file query_6.pdb (PDB, C-alpha atoms)
ATOM      1  CA  MET L  17      91.817 164.280 231.663
ATOM      2  CA  LYS L  18      94.144 161.403 232.382
ATOM      3  CA  ASP L  19      94.640 160.781 228.700
ATOM      4  CA  SER L  20      95.390 164.430 228.159
ATOM      5  CA  CYS L  21      97.859 164.396 231.087
ATOM      6  CA  SER L  22      99.735 161.383 229.738
ATOM      7  CA  SER L  23      99.981 162.881 226.241
ATOM      8  CA  VAL L  24     101.187 166.256 227.614
ATOM      9  CA  THR L  25     103.784 164.551 229.814
ATOM     10  CA  LYS L  26     105.396 163.293 226.611
ATOM     11  CA  LEU L  27     105.536 166.852 225.303
ATOM     12  CA  LEU L  28     106.633 168.408 228.576
ATOM     13  CA  GLU L  29     110.365 167.824 228.088
ATOM     14  CA  LYS L  30     110.202 169.244 224.559
ATOM     15  CA  TYR L  31     108.250 172.198 225.932
ATOM     16  CA  PHE L  32     110.876 172.716 228.625
ATOM     17  CA  ASP L  33     113.612 172.684 225.993
ATOM     18  CA  GLN L  34     111.581 175.041 223.790
ATOM     19  CA  GLU L  35     111.437 172.553 220.979
ATOM     20  CA  VAL L  36     107.661 172.343 220.585
ATOM     21  CA  THR L  37     105.610 173.673 217.704
ATOM     22  CA  ASP L  38     103.129 176.505 218.247
ATOM     23  CA  LYS L  39     100.274 174.042 218.251
ATOM     24  CA  GLU L  40     101.973 171.840 220.858
ATOM     25  CA  ARG L  41     102.863 174.822 223.008
ATOM     26  CA  PHE L  42      99.225 175.970 222.958
ATOM     27  CA  LEU L  43      98.178 172.462 223.980
ATOM     28  CA  VAL L  44     100.743 172.179 226.817
ATOM     29  CA  GLU L  45     100.120 175.650 228.236
ATOM     30  CA  GLY L  46      96.343 175.063 228.180
ATOM     31  CA  HIS L  47      96.820 171.823 230.059
ATOM     32  CA  LEU L  48      99.243 173.300 232.613
ATOM     33  CA  GLN L  49      96.619 175.844 233.730
ATOM     34  CA  ASP L  50      94.354 172.999 234.855
ATOM     35  CA  CYS L  51      96.842 170.287 235.927
ATOM     36  CA  LEU L  52      98.819 170.656 239.138
ATOM     37  CA  VAL L  53     100.744 167.413 238.592
ATOM     38  CA  CYS L  54     102.154 168.583 235.300
ATOM     39  CA  ARG L  55     102.942 172.044 236.713
ATOM     40  CA  ASN L  56     104.897 170.332 239.512
ATOM     41  CA  ALA L  57     106.708 168.175 236.957
ATOM     42  CA  LEU L  58     107.718 171.289 235.015
ATOM     43  CA  ARG L  59     108.868 172.995 238.203
ATOM     44  CA  SER L  60     110.989 169.949 239.043
ATOM     45  CA  MET L  61     112.679 170.174 235.691
ATOM     46  CA  GLU L  62     113.460 173.867 236.252
ATOM     47  CA  GLU L  63     114.869 173.124 239.733
ATOM     48  CA  LEU L  64     116.998 170.326 238.328
ATOM     49  CA  ARG L  65     118.396 172.599 235.637
ATOM     50  CA  THR L  66     119.247 175.237 238.221
ATOM     51  CA  LEU L  67     120.937 172.597 240.371
ATOM     52  CA  ILE L  68     123.152 171.523 237.465
ATOM     53  CA  LYS L  69     123.713 174.925 235.889
ATOM     54  CA  VAL L  70     125.055 176.772 238.921
ATOM     55  CA  PRO L  71     127.949 174.389 239.795
ATOM     56  CA  VAL L  72     128.922 174.026 236.114
ATOM     57  CA  GLU L  73     129.078 177.795 235.659
ATOM     58  CA  LYS L  74     131.165 178.128 238.840
ATOM     59  CA  ALA L  75     133.518 175.406 237.626
ATOM     60  CA  VAL L  76     133.869 177.057 234.197
ATOM     61  CA  GLN L  77     134.669 180.384 235.850
ATOM     62  CA  LYS L  78     137.384 178.715 237.907
ATOM     63  CA  GLU L  79     138.867 176.824 234.934
ATOM     64  CA  ASP L  80     141.963 178.259 233.216
ATOM     65  CA  PHE L  81     141.352 177.533 229.512
ATOM     66  CA  PRO L  82     144.719 178.738 228.127
ATOM     67  CA  TRP L  83     146.374 176.328 230.511
ATOM     68  CA  VAL L  84     144.111 173.482 229.303
ATOM     69  CA  TRP L  85     145.030 174.280 225.697
ATOM     70  CA  GLN L  86     148.725 174.270 226.548
ATOM     71  CA  LYS L  87     148.248 170.872 228.131
ATOM     72  CA  ILE L  88     146.554 169.559 224.977
ATOM     73  CA  GLU L  89     149.353 170.926 222.794
ATOM     74  CA  ARG L  90     151.954 169.293 225.021
ATOM     75  CA  GLU L  91     150.131 165.985 224.719
ATOM     76  CA  ILE L  92     150.046 166.258 220.917
ATOM     77  CA  ARG L  93     153.749 167.089 220.832
ATOM     78  CA  SER L  94     154.685 164.172 223.061
ATOM     79  CA  THR L  95     152.682 161.833 220.792
ATOM     80  CA  GLN L  96     154.597 163.101 217.765
ATOM     81  CA  GLU L  97     157.928 162.728 219.535
ATOM     82  CA  LYS L  98     157.207 159.055 220.059
ATOM     83  CA  LEU L  99     157.332 158.479 216.287
ATOM     84  CA  THR L 100     160.474 156.837 214.977
ATOM     85  CA  TRP L 101     162.446 158.677 212.307
ATOM     86  CA  TRP L 102     161.151 156.240 209.707
ATOM     87  CA  GLN L 103     157.508 156.818 210.705
ATOM     88  CA  PHE L 104     158.155 160.545 210.713
ATOM     89  CA  LEU L 105     159.704 160.386 207.232
ATOM     90  CA  ARG L 106     156.831 158.281 205.931
ATOM     91  CA  SER L 107     154.291 160.691 207.315
ATOM     92  CA  ARG L 108     156.170 163.559 205.701
ATOM     93  CA  LEU L 109     156.558 161.784 202.367
ATOM     94  CA  ASP L 110     152.891 160.922 202.164
ATOM     95  CA  VAL L 111     151.899 162.388 198.805
ATOM     96  CA  SER L 112     148.207 161.496 199.093
ATOM     97  CA  PRO L 113     147.205 165.121 199.887
ATOM     98  CA  LEU L 114     148.586 166.056 196.483
ATOM     99  CA  PHE L 115     145.971 163.881 194.781
ATOM    100  CA  LYS L 116     143.127 165.899 196.197
ATOM    101  CA  LYS L 117     141.159 167.673 193.503
ATOM    102  CA  LYS L 118     141.663 171.050 195.111
ATOM    103  CA  VAL L 119     145.436 170.557 194.870
ATOM    104  CA  TRP L 120     146.074 168.794 191.561
ATOM    105  CA  ILE L 121     143.586 170.704 189.427
ATOM    106  CA  PRO L 122     145.158 174.132 190.176
ATOM    107  CA  ALA L 123     148.620 172.539 189.877
ATOM    108  CA  VAL L 124     147.901 171.062 186.446
ATOM    109  CA  ALA L 125     146.326 174.333 185.331
ATOM    110  CA  THR L 126     149.386 176.284 186.495
ATOM    111  CA  VAL L 127     151.766 173.892 184.722
ATOM    112  CA  ALA L 128     149.699 174.112 181.526
ATOM    113  CA  VAL L 129     149.781 177.907 181.606
ATOM    114  CA  LEU L 130     153.522 177.933 182.305
ATOM    115  CA  LEU L 131     154.153 175.474 179.473
ATOM    116  CA  PHE L 132     152.103 177.569 177.116
ATOM    117  CA  LEU L 133     153.966 180.717 178.091
ATOM    118  CA  THR L 134     157.420 179.157 177.910
ATOM    119  CA  ALA L 135     156.839 176.981 174.821
ATOM    120  CA  GLN L 136     157.822 179.741 172.445
ATOM    121  CA  ILE L 137     161.025 180.430 174.312
ATOM    122  CA  VAL L 138     161.925 176.736 174.631
ATOM    123  CA  PHE L 139     161.196 175.785 171.045
ATOM    124  CA  GLU L 140     162.496 178.977 169.528
ATOM    125  CA  LYS L 141     165.187 178.222 166.994
ATOM    126  CA  THR L 142     168.229 179.966 168.310
ATOM    127  CA  PRO L 143     171.807 179.450 167.241
ATOM    128  CA  SER L 144     173.468 177.112 169.686
ATOM    129  CA  TYR L 145     176.874 175.628 170.123
ATOM    130  CA  THR L 146     175.764 172.469 168.342
ATOM    131  CA  ASP L 147     174.962 174.459 165.209
ATOM    132  CA  ALA L 148     178.226 176.348 165.277
ATOM    133  CA  SER L 149     181.664 175.159 164.376
ATOM    134  CA  VAL L 150     182.859 172.247 166.454
ATOM    135  CA  VAL L 151     186.537 173.113 166.235
ATOM    136  CA  ASP L 152     187.571 176.141 168.270
ATOM    137  CA  TYR L 153     191.129 176.116 167.019
ATOM    138  CA  VAL L 154     193.649 173.715 165.592
ATOM    139  CA  GLU L 155     197.384 174.170 165.241
ATOM    140  CA  SER L 156     200.423 172.181 164.318
ATOM    141  CA  GLN L 157     204.007 173.373 164.387
ATOM    142  CA  THR L 158     205.176 170.525 162.191
ATOM    143  CA  ASP L 159     202.574 169.645 159.546
ATOM    144  CA  ASN L 160     199.554 170.875 157.635
ATOM    145  CA  VAL L 161     196.112 170.283 159.104
ATOM    146  CA  MET L 162     192.703 170.020 157.462
ATOM    147  CA  VAL L 163     189.319 170.288 159.192
ATOM    148  CA  TYR L 164     186.260 168.718 157.647
ATOM    149  CA  GLN L 165     182.842 168.885 159.229
ATOM    150  CA  LEU L 166     179.705 166.950 158.346
ATOM    151  CA  GLU L 167     176.249 167.428 159.805
ATOM    152  CA  LYS L 168     174.752 164.116 158.600
ATOM    153  CA  PRO L 169     176.240 162.088 160.164
ATOM    154  CA  LYS L 170     177.537 164.454 162.827
ATOM    155  CA  VAL L 171     181.224 163.919 162.253
ATOM    156  CA  THR L 172     184.129 166.310 162.437
ATOM    157  CA  VAL L 173     187.463 165.257 160.950
ATOM    158  CA  ILE L 174     190.748 166.853 161.901
ATOM    159  CA  TRP L 175     193.429 165.459 159.625
ATOM    160  CA  LEU L 176     197.135 165.894 160.111
ATOM    161  CA  PHE L 177     199.178 165.601 156.908
ATOM    162  CA  GLU L 178     202.196 164.110 158.512
ATOM    163  CA  GLY L 179     205.244 163.120 156.503
ATOM    164  CA  PRO L 180     206.731 159.631 156.620
ATOM    165  CA  GLU L 181     207.367 158.359 160.149
ATOM    166  CA  LYS L 182     210.806 159.410 161.374
ATOM    167  CA  ASP L 183     211.519 156.016 162.935
ATOM    168  CA  GLN L 184     210.877 154.406 159.587
ATOM    169  CA  THR L 185     212.987 156.840 157.608
ATOM    170  CA  THR L 186     215.947 156.592 159.942
ATOM    171  CA  SER L 187     215.900 152.792 159.960
TER     172      SER L 187
ATOM    173  CA  MET S  21     150.876 172.642 203.118
ATOM    174  CA  LYS S  22     153.878 171.843 205.317
ATOM    175  CA  ARG S  23     154.122 168.406 203.714
ATOM    176  CA  THR S  24     154.072 169.884 200.212
ATOM    177  CA  LEU S  25     156.809 172.300 201.200
ATOM    178  CA  PHE S  26     158.842 169.468 202.676
ATOM    179  CA  LEU S  27     158.527 167.420 199.447
ATOM    180  CA  LEU S  28     159.494 170.455 197.401
ATOM    181  CA  ILE S  29     162.603 171.065 199.516
ATOM    182  CA  LEU S  30     163.503 167.377 199.262
ATOM    183  CA  THR S  31     163.207 167.504 195.470
ATOM    184  CA  VAL S  32     165.372 170.609 195.271
ATOM    185  CA  VAL S  33     168.023 169.067 197.531
ATOM    186  CA  PHE S  34     168.148 165.829 195.492
ATOM    187  CA  SER S  35     168.216 167.703 192.187
ATOM    188  CA  SER S  36     171.040 169.937 193.304
ATOM    189  CA  PHE S  37     172.949 166.887 194.537
ATOM    190  CA  PHE S  38     172.694 165.126 191.177
ATOM    191  CA  LEU S  39     173.427 168.302 189.269
ATOM    192  CA  SER S  40     176.540 168.951 191.304
ATOM    193  CA  ALA S  41     177.621 165.345 190.788
ATOM    194  CA  ALA S  42     177.138 165.683 187.057
ATOM    195  CA  TYR S  43     178.775 169.083 186.848
ATOM    196  CA  GLY S  44     182.427 169.135 185.918
ATOM    197  CA  GLN S  45     182.610 165.577 184.642
ATOM    198  CA  VAL S  46     181.723 163.967 181.305
ATOM    199  CA  GLN S  47     182.126 160.524 179.861
ATOM    200  CA  VAL S  48     183.463 160.087 176.359
ATOM    201  CA  ARG S  49     184.313 157.053 174.275
ATOM    202  CA  LEU S  50     187.695 157.081 172.645
ATOM    203  CA  ARG S  51     188.600 154.519 170.026
ATOM    204  CA  VAL S  52     192.062 154.244 168.562
ATOM    205  CA  ILE S  53     191.954 152.923 165.003
ATOM    206  CA  ARG S  54     194.808 151.863 162.751
ATOM    207  CA  ALA S  55     193.951 152.483 159.100
ATOM    208  CA  SER S  56     195.969 151.452 156.080
ATOM    209  CA  SER S  57     195.733 150.735 152.390
ATOM    210  CA  VAL S  58     197.477 147.408 152.749
ATOM    211  CA  GLY S  59     195.167 144.426 152.417
ATOM    212  CA  GLN S  60     191.430 144.467 152.918
ATOM    213  CA  SER S  61     190.195 143.824 156.410
ATOM    214  CA  PHE S  62     187.678 145.470 158.657
ATOM    215  CA  ASP S  63     187.647 144.988 162.403
ATOM    216  CA  PRO S  64     184.157 143.684 163.350
ATOM    217  CA  SER S  65     184.129 145.837 166.470
ATOM    218  CA  LEU S  66     184.133 148.907 164.223
ATOM    219  CA  ARG S  67     181.065 147.938 162.216
ATOM    220  CA  ASP S  68     178.948 150.713 163.802
ATOM    221  CA  VAL S  69     181.256 153.309 162.176
ATOM    222  CA  ARG S  70     181.953 151.370 158.991
ATOM    223  CA  ASN S  71     179.797 153.632 156.821
ATOM    224  CA  GLU S  72     181.287 156.797 158.293
ATOM    225  CA  LEU S  73     184.861 155.614 157.833
ATOM    226  CA  GLY S  74     184.141 154.276 154.350
ATOM    227  CA  SER S  75     182.564 157.526 153.186
ATOM    228  CA  LEU S  76     185.293 159.735 154.624
ATOM    229  CA  PHE S  77     188.516 157.844 153.897
ATOM    230  CA  SER S  78     189.897 155.671 151.141
ATOM    231  CA  PHE S  79     191.751 153.198 153.356
ATOM    232  CA  THR S  80     191.053 149.516 152.805
ATOM    233  CA  SER S  81     191.924 148.127 156.235
ATOM    234  CA  TYR S  82     190.732 149.274 159.632
ATOM    235  CA  HIS S  83     191.849 147.720 162.892
ATOM    236  CA  LEU S  84     190.781 148.702 166.405
ATOM    237  CA  LEU S  85     193.786 149.230 168.676
ATOM    238  CA  GLY S  86     191.957 150.474 171.755
ATOM    239  CA  ASP S  87     188.495 151.292 173.035
ATOM    240  CA  GLU S  88     188.302 153.388 176.193
ATOM    241  CA  ASN S  89     185.531 155.041 178.158
ATOM    242  CA  LEU S  90     187.104 158.146 179.602
ATOM    243  CA  ASN S  91     185.691 160.008 182.565
ATOM    244  CA  LEU S  92     186.939 163.485 181.878
ATOM    245  CA  THR S  93     187.175 165.874 184.792
ATOM    246  CA  LEU S  94     187.709 169.574 184.326
ATOM    247  CA  ASN S  95     191.354 170.476 183.649
ATOM    248  CA  ARG S  96     192.636 166.963 184.329
ATOM    249  CA  PRO S  97     194.416 165.567 181.265
ATOM    250  CA  VAL S  98     193.952 161.916 180.358
ATOM    251  CA  SER S  99     196.599 160.339 178.135
ATOM    252  CA  ILE S 100     196.199 157.405 175.780
ATOM    253  CA  SER S 101     199.232 155.861 174.128
ATOM    254  CA  ALA S 102     199.487 154.157 170.788
ATOM    255  CA  HIS S 103     202.249 152.633 168.701
ATOM    256  CA  GLU S 104     204.168 151.339 171.728
ATOM    257  CA  GLY S 105     203.932 154.667 173.513
ATOM    258  CA  ARG S 106     205.486 156.670 170.690
ATOM    259  CA  ILE S 107     202.240 158.537 169.963
ATOM    260  CA  VAL S 108     200.263 159.934 172.849
ATOM    261  CA  LEU S 109     196.862 161.592 172.741
ATOM    262  CA  GLU S 110     196.249 163.878 175.702
ATOM    263  CA  THR S 111     192.576 164.735 176.258
ATOM    264  CA  THR S 112     191.493 167.448 178.696
ATOM    265  CA  LEU S 113     188.037 168.689 179.539
ATOM    266  CA  VAL S 114     188.384 172.462 179.656
ATOM    267  CA  GLY S 115     184.760 173.535 179.847
ATOM    268  CA  LEU S 116     181.144 172.513 180.039
ATOM    269  CA  ASN S 117     178.518 174.790 178.632
ATOM    270  CA  ARG S 118     174.830 174.023 177.985
ATOM    271  CA  GLY S 119     175.448 170.285 177.568
ATOM    272  CA  VAL S 120     178.467 170.805 175.326
ATOM    273  CA  ALA S 121     181.901 169.693 176.475
ATOM    274  CA  GLU S 122     184.908 171.709 175.432
ATOM    275  CA  VAL S 123     187.766 169.293 175.019
ATOM    276  CA  ARG S 124     191.383 170.112 174.348
ATOM    277  CA  MET S 125     193.321 167.425 172.497
ATOM    278  CA  ARG S 126     197.051 167.235 171.985
ATOM    279  CA  VAL S 127     198.855 164.652 169.914
ATOM    280  CA  VAL S 128     202.447 164.183 170.944
ATOM    281  CA  ARG S 129     204.999 162.119 169.082
ATOM    282  CA  GLY S 130     208.265 161.355 170.860
ATOM    283  CA  GLY S 131     207.868 164.379 173.167
ATOM    284  CA  THR S 132     207.049 166.774 170.311
ATOM    285  CA  GLU S 133     203.576 168.188 170.007
ATOM    286  CA  ILE S 134     202.368 167.563 166.479
ATOM    287  CA  LEU S 135     198.754 168.667 166.894
ATOM    288  CA  ASN S 136     196.911 170.890 169.327
ATOM    289  CA  THR S 137     193.205 171.518 169.024
ATOM    290  CA  ARG S 138     190.121 172.363 171.027
ATOM    291  CA  VAL S 139     186.730 170.965 170.028
ATOM    292  CA  ARG S 140     183.158 171.298 171.264
ATOM    293  CA  LEU S 141     181.713 167.877 171.800
ATOM    294  CA  SER S 142     177.939 167.554 171.929
ATOM    295  CA  PRO S 143     175.787 164.429 172.282
ATOM    296  CA  GLY S 144     175.662 162.470 169.035
ATOM    297  CA  ARG S 145     178.766 164.047 167.514
ATOM    298  CA  THR S 146     181.940 162.170 166.676
ATOM    299  CA  VAL S 147     185.278 163.883 166.308
ATOM    300  CA  LEU S 148     187.893 162.025 164.293
ATOM    301  CA  ILE S 149     191.507 163.041 164.614
ATOM    302  CA  GLY S 150     193.701 161.273 162.116
ATOM    303  CA  GLY S 151     196.970 161.458 160.364
ATOM    304  CA  PRO S 152     199.796 160.409 162.703
ATOM    305  CA  ARG S 153     201.774 157.822 160.764
ATOM    306  CA  VAL S 154     202.647 154.352 161.978
ATOM    307  CA  ARG S 155     204.814 152.761 159.295
ATOM    308  CA  GLU S 156     202.504 152.201 156.311
ATOM    309  CA  ALA S 157     199.352 153.006 158.306
ATOM    310  CA  VAL S 158     197.855 156.006 160.103
ATOM    311  CA  ILE S 159     196.252 156.388 163.494
ATOM    312  CA  ILE S 160     192.679 157.678 163.730
ATOM    313  CA  TYR S 161     191.259 158.702 167.089
ATOM    314  CA  ALA S 162     187.450 158.599 167.271
ATOM    315  CA  LEU S 163     186.021 160.608 170.126
ATOM    316  CA  HIS S 164     182.324 160.249 170.850
ATOM    317  CA  ALA S 165     180.250 161.999 173.503
ATOM    318  CA  ARG S 166     178.531 159.811 176.075
ATOM    319  CA  PHE S 167     176.438 162.307 177.975
TER     320      PHE S 167
END

call {"tool": "encode", "arguments": {"input": "query_6.pdb", "output": "structure tokens"}}
result
Amino acid sequence: MKDSCSSVTKLLEKYFDQEVTDKERFLVEGHLQDCLVCRNALRSMEELRTLIKVPVEKAVQKEDFPWVWQKIEREIRSTQEKLTWWQFLRSRLDVSPLFKKKVWIPAVATVAVLLFLTAQIVFEKTPSYTDASVVDYVESQTDNVMVYQLEKPKVTVIWLFEGPEKDQTTS
Amino acid sequence: MKRTLFLLILTVVFSSFFLSAAYGQVQVRLRVIRASSVGQSFDPSLRDVRNELGSLFSFTSYHLLGDENLNLTLNRPVSISAHEGRIVLETTLVGLNRGVAEVRMRVVRGGTEILNTRVRLSPGRTVLIGGPRVREAVIIYALHARF
């Protein structure tokens, strides 16, 4: 009987917390019918729980949780305000979240799709300014002008057929 | 999420700053060359354009008179003088479109405009303006994009 009592005592707390198996419960309940000591121990546990539970419930009812949350938020804000501008900037510039798989994999996939979609537009051979004539206009009131354009090398020549220099002719 | 947004905004702000700084201003290299058929000499500082000059012209002597890096700003003429100020090349950036600079160039001799042209200058292209006479030689202006 004593051995049984000592082994049930070990299970009594689990039984009280409803954490025993069916087999253990059968064992404990069978023992409790015959053992006054263990019944008293179980009753003590119930009384203790009641003693704790009632004041805690009263305190919870009295507590203003929105106010507690506001207080927590204020604390968080004041902690952030203590950061220097440099610490703040560093925390903001921290790119480590970008290296998370759930960020960079969708990002790379999006870029790949965009590149694929825009590749045809980007690499499409369209006439551009570089292919067109380089000289918009050329005029001379005094002499003839010739324009000569090469593509390899990319050189454009504008040549003025000027007569002998006036200074030279007058001298 | 907020951090990503912040980085994105930062990137946009920096990009727009650099774009605005770049917009409306281009750098070009202008070389003033004196070419003649008297003697046979080639200025060593012109060796990078030796083949181009040799294939285009039949002059035997080339001498570099000036080499300038011009920062052209929209509608602000920049003047370069040659032949003791008697020939002036006035270069004006008049437009920028898709990486191509529209440059107006006027050659003035003794107050008289002898040439007026507008060219589209793109990266890698050289525009040569030649012909103004200096005694037995001619002046060639070589304009090259640096953007």

call {"tool": "resolve_selection", "arguments": {"input": "query_6.pdb", "expression": "the PyMOL selection byres ((chain S) within 6 of (chain L))", "output": "list in words"}}
result
Arg23, Ile134, Leu135, Asn136, Thr137, Arg138, Val139, Arg140, Arg145, Thr146, Val147, Leu148, Ile149, Gly150, Gly151 and Arg153 of chain S

call {"tool": "resolve_selection", "arguments": {"input": "query_6.pdb", "expression": "the PyMOL selection byres ((chain S and resi 44-53) around 7)", "output": "PDB file with C-alpha atoms, in the frame of the given file"}}
result
ATOM      1  CA  ALA S  42     177.138 165.683 187.057  1.00  0.00           C
ATOM      2  CA  TYR S  43     178.775 169.083 186.848  1.00  0.00           C
ATOM      3  CA  ARG S  54     194.808 151.863 162.751  1.00  0.00           C
ATOM      4  CA  ALA S  55     193.951 152.483 159.100  1.00  0.00           C
ATOM      5  CA  TYR S  82     190.732 149.274 159.632  1.00  0.00           C
ATOM      6  CA  HIS S  83     191.849 147.720 162.892  1.00  0.00           C
ATOM      7  CA  LEU S  84     190.781 148.702 166.405  1.00  0.00           C
ATOM      8  CA  LEU S  85     193.786 149.230 168.676  1.00  0.00           C
ATOM      9  CA  GLY S  86     191.957 150.474 171.755  1.00  0.00           C
ATOM     10  CA  ASP S  87     188.495 151.292 173.035  1.00  0.00           C
ATOM     11  CA  GLU S  88     188.302 153.388 176.193  1.00  0.00           C
ATOM     12  CA  ASN S  89     185.531 155.041 178.158  1.00  0.00           C
ATOM     13  CA  LEU S  90     187.104 158.146 179.602  1.00  0.00           C
ATOM     14  CA  ASN S  91     185.691 160.008 182.565  1.00  0.00           C
ATOM     15  CA  LEU S  92     186.939 163.485 181.878  1.00  0.00           C
ATOM     16  CA  THR S  93     187.175 165.874 184.792  1.00  0.00           C
ATOM     17  CA  LEU S  94     187.709 169.574 184.326  1.00  0.00           C
ATOM     18  CA  LEU S 116     181.144 172.513 180.039  1.00  0.00           C
ATOM     19  CA  ILE S 159     196.252 156.388 163.494  1.00  0.00           C
ATOM     20  CA  ILE S 160     192.679 157.678 163.730  1.00  0.00           C
ATOM     21  CA  TYR S 161     191.259 158.702 167.089  1.00  0.00           C
ATOM     22  CA  ALA S 162     187.450 158.599 167.271  1.00  0.00           C
ATOM     23  CA  LEU S 163     186.021 160.608 170.126  1.00  0.00           C
ATOM     24  CA  HIS S 164     182.324 160.249 170.850  1.00  0.00           C
ATOM     25  CA  ALA S 165     180.250 161.999 173.503  1.00  0.00           C
ATOM     26  CA  ARG S 166     178.531 159.811 176.075  1.00  0.00           C
ATOM     27  CA  PHE S 167     176.438 162.307 177.975  1.00  0.00           C
TER      28      PHE S 167
END

call {"tool": "atom_distance", "arguments": {"input": "query_6.pdb", "atom1": "atom CA of Arg41 of chain L", "atom2": "atom CA of Cys54 of chain L"}}
result
13.8 Å

call {"tool": "residues_near_point", "arguments": {"input": "query_6.pdb", "point": "(192.7, 151.8, 157.0)", "cutoff": "8 Å", "atoms": "only C-alpha atoms", "output": "PyMOL selection string"}}
result
chain S and resi 54-58+77-83+157-158

call {"tool": "atom_distance", "arguments": {"input": "query_6.pdb", "atom1": "atom CA of Ala128 of chain L", "atom2": "atom CA of Lys116 of chain L"}}
result
18.1 Å

call {"tool": "atom_distance", "arguments": {"input": "query_6.pdb", "atom1": "atom CA of His103 of chain S", "atom2": "atom CA of Leu66 of chain S"}}
result
19.0 Å

call {"tool": "resolve_selection", "arguments": {"input": "query_6.pdb", "expression": "the PyMOL selection byres ((chain S and resi 110-114) around 7)", "output": "PyMOL selection string"}}
result
chain S and resi 92-100+108-109+115+121-127

call {"tool": "residues_around", "arguments": {"input": "query_6.pdb", "residues": "segment 22-29 of chain L", "least_positions_apart": "5", "cutoff": "8 Å", "atoms": "all atoms listed in the file", "output": "PDB file with C-alpha atoms, in the coordinates of the input"}}
result
ATOM      1  CA  VAL L  36     107.661 172.343 220.585  1.00  0.00           C
ATOM      2  CA  GLU L  40     101.973 171.840 220.858  1.00  0.00           C
ATOM      3  CA  LEU L  43      98.178 172.462 223.980  1.00  0.00           C
ATOM      4  CA  VAL L  44     100.743 172.179 226.817  1.00  0.00           C
ATOM      5  CA  HIS L  47      96.820 171.823 230.059  1.00  0.00           C
ATOM      6  CA  CYS L  54     102.154 168.583 235.300  1.00  0.00           C
ATOM      7  CA  LEU L  58     107.718 171.289 235.015  1.00  0.00           C
TER       8      LEU L  58
END

call {"tool": "residues_around", "arguments": {"input": "query_6.pdb", "residues": "Arg106 of chain S", "least_positions_apart": "4", "cutoff": "8 Å", "atoms": "all atoms listed in the file", "output": "ChimeraX atom specification"}}
result
/S:101-102,129-130

call {"tool": "build_atoms", "arguments": {"input": "query_6.pdb", "residues": "segment 56-68 of chain S", "atoms": "N, CA and C atoms", "output": "compact mmCIF listing (two decimals), in the coordinates of the input"}}
result
# COMPACT_ATOMS: atom_id res chain seq x y z
N SER S 56 194.93 151.56 157.11
CA SER S 56 195.97 151.45 156.08
C SER S 56 195.36 151.04 154.74
N SER S 57 196.19 151.14 153.73
CA SER S 57 195.73 150.74 152.39
C SER S 57 196.36 149.41 151.99
N VAL S 58 196.87 148.72 152.99
CA VAL S 58 197.48 147.41 152.75
C VAL S 58 196.46 146.33 153.11
N GLY S 59 196.14 145.50 152.18
CA GLY S 59 195.17 144.43 152.42
C GLY S 59 193.75 144.97 152.49
N GLN S 60 192.84 144.07 152.80
CA GLN S 60 191.43 144.47 152.92
C GLN S 60 190.82 143.75 154.11
N SER S 61 190.80 144.44 155.22
CA SER S 61 190.20 143.82 156.41
C SER S 61 189.49 144.92 157.21
N PHE S 62 188.43 144.50 157.84
CA PHE S 62 187.68 145.47 158.66
C PHE S 62 187.38 144.84 160.01
N ASP S 63 187.86 145.50 161.04
CA ASP S 63 187.65 144.99 162.40
C ASP S 63 186.14 144.96 162.71
N PRO S 64 185.61 143.78 163.09
CA PRO S 64 184.16 143.68 163.35
C PRO S 64 183.67 144.63 164.45
N SER S 65 184.56 144.94 165.38
CA SER S 65 184.13 145.84 166.47
C SER S 65 183.97 147.29 166.02
N LEU S 66 184.29 147.54 164.76
CA LEU S 66 184.13 148.91 164.22
C LEU S 66 182.94 149.00 163.26
N ARG S 67 182.12 147.96 163.25
CA ARG S 67 181.06 147.94 162.22
C ARG S 67 180.05 149.07 162.38
N ASP S 68 179.90 149.60 163.61
CA ASP S 68 178.95 150.71 163.80
C ASP S 68 179.43 152.01 163.14
